[in-house]
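Trainee: So that we are looking at the same thing, I have put the structure below in structure tokens.
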Amino acid sequence: MTNLSAVNHPSEAEDLLQYRDLFRQAPIGILRTAIDGRILIANQAFAEMLGYNSLEEFATLTDRKVTNLYEDPLSRKRLLENMTAQEPDDPMHFESRWRRKDDTVFPCRFHVRPFVDYSGDIQYFEGFAEDISEQKLPVYVTHSM
């Protein structure tokens, strides 16, 4: 007789492998940052969005902080102020302009939420980042006469 619960419920190790693959293969940037802006983890899509050939190349940077990516240095400060003013589990959605490795600027859409401990203190931020350059291109409509 087959134990259906064993078939339908993957082991914890299988779950971890599935989440790891999902994280690695996601088409948009996924990241976790410390309160001070240090990038704790990121996926390949995040590195590529910033102009790096690989996550390994991105990981070799000594100053990996999201604060260095914003075109406007005050953007991160405003984000933190807004984030601490809202409910802990509410994600924040916003757009900002970031700098790539080659110093070009691009528009980026973010979905960020704080991870809050039992005492209510923010420990880090988790989020998704998406290059929306193509969506921001002007649309030209031609009319035939």
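Scheme for the structure tokens: letters A, B, ... for chains in order shown; per-chain residue numbers from 1; ligand numbers from 1 in order shown.
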Mind listing the strand (DSSP E or B) residues of chain A, per DSSP on the backbone, as a PyMOL selection string?
Mentor: chain A and resi 29-34+38-42+65+70+92-99+105-116+122-131
Trainee: For those residues, write C-alpha atoms to a file as a short mmCIF file (atom, residue, chain, number, x, y, z; two decimals), in the first residue's frame.
Mentor:
```cif
data_model
loop_
_atom_site.label_atom_id
_atom_site.label_comp_id
_atom_site.auth_asym_id
_atom_site.auth_seq_id
_atom_site.Cartn_x
_atom_site.Cartn_y
_atom_site.Cartn_z
CA GLY A 29 15.52 40.32 -9.27
CA ILE A 30 15.04 38.93 -5.79
CA LEU A 31 17.03 40.29 -2.88
CA ARG A 32 17.33 40.61 0.86
CA THR A 33 19.00 43.66 2.35
CA ALA A 34 20.11 44.62 5.84
CA ARG A 38 24.01 45.79 2.58
CA ILE A 39 22.78 43.23 0.08
CA LEU A 40 22.66 39.96 1.98
CA ILE A 41 21.45 37.71 -0.82
CA ALA A 42 20.41 38.24 -4.42
CA LYS A 65 24.86 48.25 -0.82
CA TYR A 70 19.92 54.73 -6.20
CA MET A 92 5.51 48.50 -0.28
CA HIS A 93 5.36 49.05 -4.04
CA PHE A 94 7.34 51.88 -5.59
CA GLU A 95 9.47 52.93 -8.53
CA SER A 96 12.92 54.44 -8.41
CA ARG A 97 15.90 55.01 -10.68
CA TRP A 98 18.99 52.88 -10.15
CA ARG A 99 22.52 52.82 -11.57
CA VAL A 105 20.48 54.89 -15.01
CA PHE A 106 17.33 52.83 -15.43
CA PRO A 107 13.82 52.82 -13.93
CA CYS A 108 13.11 49.99 -11.54
CA ARG A 109 9.88 48.79 -9.90
CA PHE A 110 10.13 47.34 -6.40
CA HIS A 111 7.93 45.25 -4.16
CA VAL A 112 9.49 45.25 -0.70
CA ARG A 113 8.43 44.11 2.73
CA PRO A 114 10.23 44.26 6.05
CA PHE A 115 10.96 41.12 8.03
CA VAL A 116 9.97 41.96 11.60
CA ILE A 122 12.75 45.34 11.47
CA GLN A 123 15.56 42.83 10.91
CA TYR A 124 15.92 43.08 7.13
CA PHE A 125 14.00 43.72 3.92
CA GLU A 126 12.98 41.23 1.26
CA GLY A 127 11.84 42.20 -2.14
CA PHE A 128 11.55 41.93 -5.87
CA ALA A 129 13.09 44.32 -8.36
CA GLU A 130 12.16 44.65 -12.01
CA ASP A 131 13.78 46.72 -14.76
#
```
Trainee: Residues within 12 Å of A:Ser75, please, as a PyMOL selection string. Count only C-alpha atoms; anything in the same chain fewer than 2 positions from it doesn't count.
Mentor: chain A and resi 37+66-73+77-82+94-98
Trainee: With only C-alpha atoms as the atoms that count, which of A:Ala85, A:Leu22, A:Leu17, A:Ile28 lies nearest to A:Met49?
Mentor: A:Ile28
Trainee: Under the rule that only C-alpha atoms are counted, which of A:Gln18, A:Ile132, A:Leu55, A:Arg64 is the nearest residue to A:Asp36?
Mentor: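 For A:Asp36, the nearest of the given residues is A:Arg64.
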Trainee: Going by DSSP on the backbone, which residues of stretch 41-137 of chain A come out as helix (DSSP H, G or I)? List them as a PyMOL selection string.
Mentor: chain A and resi 44-49+55-59+66-68+74-85+133-136
